[in-house]
$ cat coords-v9.txt   # compact mmCIF, C-alpha atoms and all ligand atoms
# COMPACT_ATOMS: atom_id res chain seq x y z
CA MET A 1 -57.98 -26.73 25.20
CA VAL A 2 -59.51 -25.12 22.13
CA CYS A 3 -62.81 -23.50 23.06
CA CYS A 4 -64.11 -21.52 20.12
CA LYS A 5 -63.79 -20.40 16.53
CA ARG A 6 -62.08 -17.08 17.25
CA PHE A 7 -60.61 -16.93 13.75
CA LYS A 8 -63.65 -17.80 11.65
CA ASP A 9 -63.35 -16.24 8.15
CA ARG A 10 -59.73 -15.21 8.77
CA VAL A 11 -56.66 -16.30 6.90
CA CYS A 12 -53.25 -16.79 8.44
CA VAL A 13 -49.86 -17.44 6.91
CA VAL A 14 -47.45 -19.53 8.98
CA THR A 15 -43.86 -19.59 7.77
CA GLY A 16 -41.95 -22.73 8.63
CA GLY A 17 -45.34 -24.29 9.36
CA ALA A 18 -44.46 -27.75 8.06
CA ARG A 19 -43.03 -29.01 11.34
CA GLY A 20 -42.15 -28.07 14.90
CA ILE A 21 -43.58 -24.98 16.57
CA GLY A 22 -44.96 -23.63 13.28
CA ALA A 23 -46.94 -26.84 12.68
CA ALA A 24 -48.51 -26.63 16.15
CA ILE A 25 -49.43 -22.99 15.53
CA ALA A 26 -50.96 -23.84 12.13
CA TYR A 27 -53.00 -26.63 13.73
CA ARG A 28 -54.17 -24.50 16.66
CA LEU A 29 -55.24 -21.53 14.50
CA GLY A 30 -56.89 -23.94 12.06
CA LEU A 31 -58.87 -25.61 14.86
CA GLU A 32 -60.06 -22.15 15.88
CA GLY A 33 -61.52 -21.56 12.40
CA CYS A 34 -58.66 -19.91 10.50
CA GLY A 35 -57.80 -20.75 6.91
CA VAL A 36 -54.13 -21.74 7.11
CA ALA A 37 -51.43 -21.16 4.48
CA ILE A 38 -48.06 -22.72 5.17
CA ILE A 39 -44.90 -21.34 3.59
CA ASP A 40 -41.97 -23.70 4.01
CA ILE A 41 -38.68 -24.37 2.23
CA ASP A 42 -39.25 -28.11 2.63
CA GLY A 43 -41.95 -28.95 0.08
CA GLU A 44 -42.34 -32.60 1.14
CA ALA A 45 -42.82 -31.75 4.79
CA ALA A 46 -45.21 -28.93 3.89
CA LYS A 47 -47.32 -31.37 1.86
CA TYR A 48 -47.37 -33.80 4.78
CA ARG A 49 -48.56 -31.04 7.14
CA PHE A 50 -51.14 -29.78 4.65
CA GLU A 51 -52.61 -33.29 4.35
CA ASN A 52 -52.63 -33.63 8.12
CA LEU A 53 -54.47 -30.31 8.53
CA GLU A 54 -57.02 -31.26 5.88
CA LYS A 55 -57.60 -34.61 7.60
CA ASN A 56 -58.52 -32.65 10.70
CA GLY A 57 -61.10 -30.60 8.80
CA ILE A 58 -58.93 -27.49 8.53
CA GLU A 59 -58.98 -25.35 5.37
CA ALA A 60 -55.34 -25.26 4.35
CA THR A 61 -52.85 -24.72 1.57
CA TYR A 62 -49.07 -24.73 1.28
CA VAL A 63 -46.36 -23.06 -0.77
CA LYS A 64 -42.78 -24.23 -1.07
CA ALA A 65 -40.67 -21.09 -0.68
CA ASP A 66 -37.57 -19.75 1.03
CA VAL A 67 -38.50 -16.82 3.29
CA SER A 68 -35.15 -15.17 2.56
CA ALA A 69 -35.72 -15.06 -1.24
CA GLU A 70 -37.62 -11.92 -2.19
CA ASP A 71 -39.07 -13.26 -5.45
CA GLU A 72 -40.33 -16.44 -3.77
CA VAL A 73 -41.92 -14.49 -0.90
CA THR A 74 -43.66 -12.05 -3.27
CA LYS A 75 -45.10 -14.92 -5.31
CA ALA A 76 -46.15 -16.87 -2.22
CA MET A 77 -48.05 -13.93 -0.69
CA GLU A 78 -49.66 -13.08 -4.04
CA GLY A 79 -50.77 -16.69 -4.50
CA ILE A 80 -52.20 -16.95 -0.99
CA HIS A 81 -54.02 -13.64 -1.34
CA SER A 82 -55.53 -14.54 -4.69
CA ARG A 83 -56.73 -17.90 -3.30
CA TYR A 84 -58.34 -16.52 -0.12
CA GLY A 85 -58.93 -12.82 -0.84
CA SER A 86 -57.24 -11.67 2.37
CA ILE A 87 -54.31 -12.17 4.70
CA ASP A 88 -55.26 -11.37 8.30
CA VAL A 89 -52.55 -12.97 10.41
CA LEU A 90 -48.88 -13.58 9.66
CA ILE A 91 -46.83 -15.85 11.90
CA ASN A 92 -43.13 -15.38 11.14
CA ASN A 93 -41.87 -18.63 12.56
CA ALA A 94 -39.38 -20.05 10.02
CA GLY A 95 -35.94 -20.11 11.53
CA ILE A 96 -32.67 -22.01 11.51
CA GLY A 97 -30.11 -22.74 14.20
CA PHE A 98 -26.37 -22.45 14.15
CA SER A 99 -23.61 -25.03 14.27
CA GLY A 100 -22.03 -23.60 17.42
CA ARG A 101 -18.49 -22.90 16.20
CA GLU A 102 -16.24 -20.47 18.06
CA LEU A 103 -16.34 -16.87 16.85
CA GLU A 104 -12.97 -17.07 15.10
CA ASN A 105 -14.14 -20.12 13.14
CA GLN A 106 -17.57 -18.78 12.20
CA SER A 107 -17.76 -18.18 8.47
CA TYR A 108 -19.29 -15.13 6.87
CA ASP A 109 -21.60 -17.42 4.85
CA GLU A 110 -22.93 -19.06 8.01
CA TRP A 111 -23.48 -15.70 9.69
CA ARG A 112 -25.26 -14.39 6.62
CA ARG A 113 -27.52 -17.43 6.17
CA VAL A 114 -28.76 -17.30 9.77
CA ILE A 115 -29.41 -13.53 9.57
CA ASP A 116 -31.01 -13.93 6.11
CA VAL A 117 -33.51 -16.56 7.24
CA ASN A 118 -34.20 -15.51 10.84
CA LEU A 119 -34.24 -11.74 10.40
CA THR A 120 -34.35 -10.67 6.75
CA GLY A 121 -36.94 -13.40 6.09
CA VAL A 122 -39.25 -11.85 8.68
CA TRP A 123 -38.78 -8.40 7.20
CA LEU A 124 -39.51 -9.70 3.69
CA CYS A 125 -42.61 -11.73 4.66
CA SER A 126 -43.97 -8.81 6.66
CA LYS A 127 -43.31 -6.33 3.85
CA TYR A 128 -45.22 -8.42 1.30
CA ALA A 129 -48.04 -9.50 3.64
CA VAL A 130 -48.66 -5.95 4.85
CA LYS A 131 -49.51 -4.98 1.29
CA TYR A 132 -52.69 -7.07 1.73
CA MET A 133 -53.19 -6.71 5.48
CA LYS A 134 -53.34 -2.95 5.59
CA ARG A 135 -56.74 -2.88 3.88
CA SER A 136 -58.52 -4.21 6.96
CA GLY A 137 -55.90 -4.50 9.69
CA GLY A 138 -54.21 -7.60 11.01
CA VAL A 139 -51.66 -9.17 13.33
CA ILE A 140 -48.03 -10.20 12.88
CA VAL A 141 -46.51 -12.54 15.44
CA ASN A 142 -42.75 -13.09 15.23
CA ILE A 143 -41.23 -16.15 16.85
CA ALA A 144 -38.00 -14.90 18.44
CA SER A 145 -36.20 -16.76 21.25
CA THR A 146 -34.95 -16.34 24.80
CA ARG A 147 -31.57 -16.30 23.02
CA ALA A 148 -32.41 -12.67 22.23
CA LEU A 149 -31.87 -12.04 25.95
CA GLN A 150 -29.29 -14.58 27.14
CA SER A 151 -26.64 -16.79 25.55
CA GLU A 152 -24.58 -19.93 25.65
CA PRO A 153 -21.07 -19.62 24.18
CA ASN A 154 -20.68 -19.65 20.37
CA THR A 155 -24.17 -18.65 19.33
CA GLU A 156 -23.52 -15.16 17.90
CA PRO A 157 -25.43 -15.38 14.59
CA TYR A 158 -28.52 -16.96 16.14
CA SER A 159 -28.65 -14.68 19.19
CA ALA A 160 -28.06 -11.60 17.03
CA SER A 161 -30.80 -12.63 14.59
CA LYS A 162 -33.31 -13.06 17.43
CA GLY A 163 -32.24 -9.85 19.18
CA GLY A 164 -32.71 -8.07 15.87
CA LEU A 165 -36.12 -9.68 15.52
CA VAL A 166 -37.28 -8.29 18.89
CA ALA A 167 -36.20 -4.81 17.72
CA LEU A 168 -37.81 -5.29 14.30
CA THR A 169 -41.02 -6.18 16.14
CA HIS A 170 -41.33 -2.88 17.99
CA ALA A 171 -40.20 -0.91 14.92
CA MET A 172 -42.93 -2.48 12.75
CA ALA A 173 -45.52 -2.17 15.53
CA ILE A 174 -45.05 1.59 15.60
CA SER A 175 -44.92 2.02 11.81
CA LEU A 176 -47.93 -0.21 11.11
CA ALA A 177 -50.20 0.96 13.94
CA LYS A 178 -51.85 3.43 11.56
CA TYR A 179 -53.11 0.48 9.49
CA ARG A 180 -54.47 -1.28 12.62
CA ILE A 181 -51.79 -3.91 12.28
CA ARG A 182 -50.43 -5.16 15.61
CA VAL A 183 -46.95 -6.67 15.77
CA VAL A 184 -45.67 -8.75 18.69
CA SER A 185 -42.92 -11.27 19.29
CA VAL A 186 -42.92 -14.42 21.36
CA SER A 187 -39.62 -15.69 22.75
CA PRO A 188 -39.82 -19.39 23.49
CA GLY A 189 -37.37 -21.12 25.78
CA TRP A 190 -36.54 -24.77 25.18
CA ILE A 191 -39.34 -26.40 23.20
CA ASP A 192 -39.16 -30.12 22.45
CA THR A 193 -40.58 -30.42 18.95
CA SER A 194 -40.15 -34.21 18.48
CA GLU A 195 -43.86 -34.97 18.28
CA TRP A 196 -44.37 -32.29 15.59
CA GLN A 197 -41.55 -33.43 13.33
CA VAL A 198 -42.06 -35.18 9.97
CA PRO A 199 -42.51 -38.01 10.79
CA PRO A 200 -43.26 -37.50 14.50
CA ARG A 201 -40.67 -38.77 16.99
CA ARG A 202 -40.87 -39.70 20.64
CA PRO A 203 -39.33 -37.10 23.00
CA SER A 204 -36.19 -38.29 24.76
CA LEU A 205 -35.92 -35.93 27.71
CA THR A 206 -34.18 -36.64 30.99
CA LEU A 207 -35.52 -35.93 34.46
CA LEU A 208 -32.94 -33.15 34.72
CA ASP A 209 -34.14 -31.55 31.48
CA ASN A 210 -37.60 -31.25 33.02
CA LEU A 211 -36.71 -30.46 36.65
CA TRP A 212 -34.34 -27.67 35.71
CA HIS A 213 -37.38 -25.67 34.54
CA PRO A 214 -39.27 -23.82 37.31
CA ALA A 215 -42.49 -24.96 35.57
CA GLY A 216 -41.33 -28.58 36.01
CA ARG A 217 -40.98 -29.54 32.36
CA VAL A 218 -39.50 -28.68 28.99
CA GLY A 219 -41.86 -26.69 26.74
CA ARG A 220 -44.07 -28.14 24.02
CA PRO A 221 -45.03 -26.57 20.68
CA GLU A 222 -48.61 -26.42 22.02
CA ASP A 223 -47.44 -24.01 24.76
CA ILE A 224 -46.30 -21.57 22.09
CA ALA A 225 -49.35 -22.17 19.89
CA ALA A 226 -51.61 -21.22 22.82
CA ILE A 227 -49.97 -17.84 23.42
CA VAL A 228 -49.78 -17.14 19.69
CA ALA A 229 -53.50 -17.85 19.31
CA PHE A 230 -54.26 -15.41 22.11
CA LEU A 231 -51.97 -12.71 20.66
CA ALA A 232 -53.45 -13.14 17.18
CA SER A 233 -57.01 -12.86 18.52
CA ASP A 234 -59.13 -9.77 19.12
CA GLU A 235 -58.80 -10.35 22.86
CA ALA A 236 -55.24 -9.03 22.53
CA GLU A 237 -56.23 -5.87 20.65
CA TRP A 238 -54.39 -3.65 23.16
CA ILE A 239 -51.12 -5.58 22.88
CA THR A 240 -48.55 -4.47 20.32
CA GLY A 241 -44.81 -3.87 20.06
CA ILE A 242 -43.79 -6.14 22.92
CA ASN A 243 -41.86 -9.35 23.32
CA ILE A 244 -43.39 -12.07 25.49
CA VAL A 245 -41.08 -14.66 27.02
CA VAL A 246 -42.61 -18.13 27.28
CA ASP A 247 -39.96 -20.35 28.82
CA GLY A 248 -41.31 -22.21 31.85
CA GLY A 249 -39.66 -19.59 34.09
CA VAL A 250 -36.06 -20.24 33.07
CA THR A 251 -34.97 -16.64 32.31
CA SER A 252 -36.41 -15.50 35.66
CA LYS A 253 -34.46 -18.08 37.61
CA MET A 254 -31.26 -17.44 39.57
CA VAL A 255 -28.82 -20.14 38.55
CA TYR A 256 -28.08 -22.10 41.72
CA MET A 257 -28.04 -25.86 41.95
CA ASP A 258 -30.43 -27.28 44.52
CA GLU A 259 -30.47 -30.82 45.82
CA SER A 260 -33.16 -32.19 43.51
CA LEU A 261 -31.18 -30.91 40.51
CA ILE A 262 -27.96 -32.43 41.81
CA PHE A 263 -29.62 -35.86 42.12
CA ALA A 264 -31.25 -35.46 38.71
CA SER A 265 -27.79 -34.63 37.29
CA LEU A 266 -26.39 -37.77 38.91
CA GLU A 267 -29.13 -39.80 37.25
CA VAL A 268 -28.14 -38.42 33.85
CA LEU A 269 -24.49 -39.11 34.57
CA LEU A 270 -24.84 -42.59 36.05
CA GLN A 271 -27.84 -43.78 34.01
CA ASP A 272 -28.95 -45.82 37.00
CA GLU A 273 -32.03 -44.80 39.01
CA GLU A 274 -31.46 -47.40 41.75
CA LEU A 275 -27.89 -46.29 42.31
CA VAL A 276 -29.00 -42.67 42.66
CA GLU A 277 -31.70 -43.74 45.16
CA LEU A 278 -29.00 -45.56 47.13
CA ILE A 279 -26.76 -42.48 47.19
CA LYS A 280 -29.76 -40.39 48.26
CA THR A 281 -30.45 -42.80 51.14
CA ILE A 282 -26.84 -42.68 52.29
CA VAL A 283 -26.93 -38.87 52.28
CA GLU A 284 -30.26 -38.77 54.16
CA ARG A 285 -29.20 -41.37 56.79
CA SER A 286 -25.88 -39.60 57.35
CA ARG A 287 -27.79 -36.38 57.93
CA GLU A 288 -30.19 -38.02 60.39
CA GLU A 289 -27.24 -39.44 62.32
CA GLY A 290 -25.32 -36.18 62.20
CA ALA A 291 -22.46 -38.07 60.50
CA SER A 292 -20.56 -36.94 57.43
CA VAL A 293 -21.33 -38.80 54.20
CA LYS A 294 -17.62 -39.52 53.85
CA ASN A 295 -17.41 -41.19 57.26
CA ARG A 296 -20.57 -43.18 56.63
CA LEU A 297 -19.18 -44.47 53.31
CA ARG A 298 -15.90 -45.33 55.05
CA SER A 299 -17.77 -47.34 57.65
CA ILE A 300 -19.90 -49.13 55.00
CA PHE A 301 -16.80 -50.16 53.07
CA GLY A 302 -14.63 -50.72 56.14
CA ILE A 303 -12.11 -48.11 55.02
CA GLY A 304 -10.13 -46.36 57.76
CA ASN A 305 -9.19 -42.66 57.81
CA GLY A 306 -6.24 -43.57 55.71
P1 LIG A 401 -37.97 -26.74 13.18
O1 LIG A 401 -36.63 -26.89 12.57
O2 LIG A 401 -38.60 -27.90 13.83
O3 LIG A 401 -38.97 -26.15 12.10
C1 LIG A 401 -38.60 -25.04 11.32
C2 LIG A 401 -39.37 -25.05 10.02
O4 LIG A 401 -38.94 -23.90 9.26
C3 LIG A 401 -39.05 -26.28 9.15
O5 LIG A 401 -40.23 -26.84 8.62
C4 LIG A 401 -38.15 -25.73 8.06
O6 LIG A 401 -38.24 -26.44 6.83
C5 LIG A 401 -38.66 -24.31 7.93
N1 LIG A 401 -37.65 -23.40 7.35
C6 LIG A 401 -36.32 -23.34 7.65
N2 LIG A 401 -35.72 -22.43 6.88
C7 LIG A 401 -36.67 -21.89 6.08
C8 LIG A 401 -36.66 -20.92 5.04
N3 LIG A 401 -35.54 -20.30 4.66
N4 LIG A 401 -37.82 -20.63 4.42
C9 LIG A 401 -38.98 -21.26 4.77
N5 LIG A 401 -39.05 -22.21 5.72
C10 LIG A 401 -37.90 -22.52 6.36
O7 LIG A 401 -37.80 -25.50 14.23
P2 LIG A 401 -38.61 -25.16 15.57
O8 LIG A 401 -37.80 -25.67 16.71
O9 LIG A 401 -40.03 -25.51 15.44
O10 LIG A 401 -38.44 -23.57 15.56
C11 LIG A 401 -39.41 -22.71 15.00
C12 LIG A 401 -39.03 -21.27 15.37
O11 LIG A 401 -38.98 -21.15 16.80
C13 LIG A 401 -37.66 -20.85 14.86
O12 LIG A 401 -37.70 -19.50 14.47
C14 LIG A 401 -36.77 -21.02 16.07
O13 LIG A 401 -35.64 -20.17 16.02
C15 LIG A 401 -37.72 -20.63 17.19
N6 LIG A 401 -37.37 -21.17 18.50
C16 LIG A 401 -37.34 -22.53 18.71
C17 LIG A 401 -37.03 -23.00 19.99
C18 LIG A 401 -36.99 -24.48 20.32
O14 LIG A 401 -36.51 -24.82 21.41
N7 LIG A 401 -37.48 -25.36 19.47
C19 LIG A 401 -36.73 -22.10 21.01
C20 LIG A 401 -36.76 -20.74 20.75
C21 LIG A 401 -37.09 -20.29 19.48
$ encode --input "coords-v9.txt" --output "structure tokens"
Amino acid sequence: MVCCKRFKDRVCVVTGGARGIGAAIAYRLGLEGCGVAIIDIDGEAAKYRFENLEKNGIEATYVKADVSAEDEVTKAMEGIHSRYGSIDVLINNAGIGFSGRELENQSYDEWRRVIDVNLTGVWLCSKYAVKYMKRSGGVIVNIASTRALQSEPNTEPYSASKGGLVALTHAMAISLAKYRIRVVSVSPGWIDTSEWQVPPRRPSLTLLDNLWHPAGRVGRPEDIAAIVAFLASDEAEWITGINIVVDGGVTSKMVYMDESLIFASLEVLLQDEELVELIKTIVERSREEGASVKNRLRSIFGIGNG
């Protein structure tokens, strides 16, 4: 719930703010009184988001630019600064995923593009925003990922870019402290962004997707927007240089299957809630009777020990 105008008279730049997590951050900071400038490579989507922000009474602007192109970033920051007279908060959120090919089949171009956008883009946007921020201090929040800390197979460029981003965060925090600029990173876990896409979509999550999280559900862009708003506010003035994991508890969890997850997996596999309930009942009754599930099934179907 948004309670106040913590960012009245402040200006924030949100990269990749046209959709997904960045859009939720732009909206949240805007609701709290910030002037919001979106930088996004997708001009159409950025226009859509800008119109949506304006409709909600938020002072906003947008620039179509690629965060990995130095000339575009310089121009974007210059333009935003000349429009508003300051840049107080920078949210480095723009990022791209990776196709998931095996290491031997990963191309140099793919590797370079992911590193260029997810890591070099943050360095570039910070470099050119700091020029304006250092006059009166500010905050940079980098959106990293739990992939900086743990991996699935075949994710090298993405994981490396986010690991680099966590390191870039503490490096900049120490260098920029003298200008009263704080730098932090947030590492989201799985965030379902469907409702913040352009146009919005309905989430299609399974019971297993939700139950597998200790917090009981997959994350939402609003979960990340809430922590970003806190970190960007004066209430967080003693927080800099760190990475905060916001993942519904997943990275803290030992990976063991428990019964509720097994039944939720069955539901995904069988696509039949009633059938899963039936299996659950057979398991429970067998337990009550001290019989094995196998023997109980044999007796139901009249199959001998064969
Ligand atoms: P998204 O794809 O929904 O939105 C990303 C936005 O960034 C888009 O509007 C896109 O046009 C823009 N963008 C992409 N490349 C750009 C570039 N070169 N220059 C400028 N804008 C560019 O993504 P999302 O899921 O909202 O992710 C946002 C950030 O959060 C990313 O950095 C991502 O790595 C990170 N993240 C996402 C999740 C998740 O589960 N969604 C989890 C962990 C981290």
$ closest_residue --input "coords-v9.txt" --among "A:Asn56, A:Gln106, A:Ser185, A:Ser136" --to "ligand LIG 401 (chain A)" --atoms "all atoms listed in the file"
A:Ser185
$ closest_residue --input "coords-v9.txt" --among "A:Arg298, A:Lys55, A:Arg147, A:Arg19" --to "Ser286 of chain A" --atoms "all atoms listed in the file"
A:Arg298
$ residues_near_ligand --input "coords-v9.txt" --ligand "ligand LIG 401 (chain A)" --cutoff "7 Å" --atoms "all atoms listed in the file" --output "count of residues only"
36
$ closest_atom_pairs --input "coords-v9.txt" --of "segment 127-175 of chain A" --to "segment 218-238 of chain A" --cutoff "9 Å" --atoms "all atoms listed in the file" --output "Markdown table"
| residue | atom | partner | partner_atom | distance |
| --- | --- | --- | --- | --- |
| A:Gly138 | CA | A:Ala232 | CA | 8.3 |
| A:Val139 | CA | A:Ala232 | CA | 5.8 |
| A:Ile140 | CA | A:Ala232 | CA | 7.5 |
| A:Val141 | CA | A:Val228 | CA | 7.1 |
$ axis_aligned_box --input "coords-v9.txt" --around "segment 240-255 of chain A" --padding-each-side "6 Å" --output "JSON"
{"center_x": -38.7, "center_y": -13.0, "center_z": 29.8, "size_x": 31.7, "size_y": 30.3, "size_z": 31.5}
$ closest_atom_pairs --input "coords-v9.txt" --of "segment 62-176 of chain A" --to "segment 8-13 of chain A" --cutoff "10 Å" --atoms "all atoms listed in the file" --output "CSV"
residue,atom,partner,partner_atom,distance
A:Tyr62,CA,A:Val13,CA,9.2
A:Ala76,CA,A:Val13,CA,9.9
A:Met77,CA,A:Val13,CA,8.6
A:Ile80,CA,A:Val13,CA,8.3
A:His81,CA,A:Val11,CA,9.1
A:Tyr84,CA,A:Val11,CA,7.2
A:Gly85,CA,A:Val11,CA,8.8
A:Ser86,CA,A:Val11,CA,6.5
A:Ile87,CA,A:Val11,CA,5.2
A:Asp88,CA,A:Val11,CA,5.3
A:Val89,CA,A:Cys12,CA,4.4
A:Leu90,CA,A:Val13,CA,4.8
A:Ile91,CA,A:Val13,CA,6.1
A:Asn92,CA,A:Val13,CA,8.2
A:Asn93,CA,A:Val13,CA,9.9
A:Cys125,CA,A:Val13,CA,9.5
A:Ala129,CA,A:Val13,CA,8.8
A:Gly138,CA,A:Cys12,CA,9.6
A:Val139,CA,A:Cys12,CA,9.2
A:Ile140,CA,A:Cys12,CA,9.5
$ atom_distance --input "coords-v9.txt" --atom1 "atom CA of Gly164 of chain A" --atom2 "atom CA of Asn142 of chain A"
11.2 Å
$ residues_near_point --input "coords-v9.txt" --point "(-22.5, -16.3, 18.0)" --cutoff "12 Å" --atoms "only C-alpha atoms" --output "ChimeraX atom specification"
/A:97-108,110-112,114-115,147-148,150-163
$ closest_residue --input "coords-v9.txt" --among "A:Asn210, A:Thr120, A:Ser204, A:Asn52" --to "Ala264 of chain A" --atoms "all atoms listed in the file"
A:Asn210
$ closest_residue --input "coords-v9.txt" --among "A:Leu53, A:Val268, A:Ala69, A:Ala37" --to "Arg83 of chain A" --atoms "only C-alpha atoms"
A:Ala37
$ atom_distance --input "coords-v9.txt" --atom1 "atom CA of Ile58 of chain A" --atom2 "atom CA of Tyr27 of chain A"
7.9 Å
$ residues_around --input "coords-v9.txt" --residues "Lys5 of chain A" --least-positions-apart "6" --cutoff "9 Å" --atoms "only C-alpha atoms" --output "JSON, numbers by chain"
{"A": [29, 30, 31, 32, 33, 34]}
$ atom_distance --input "coords-v9.txt" --atom1 "atom CA of Gly35 of chain A" --atom2 "atom CA of Phe50 of chain A"
11.4 Å
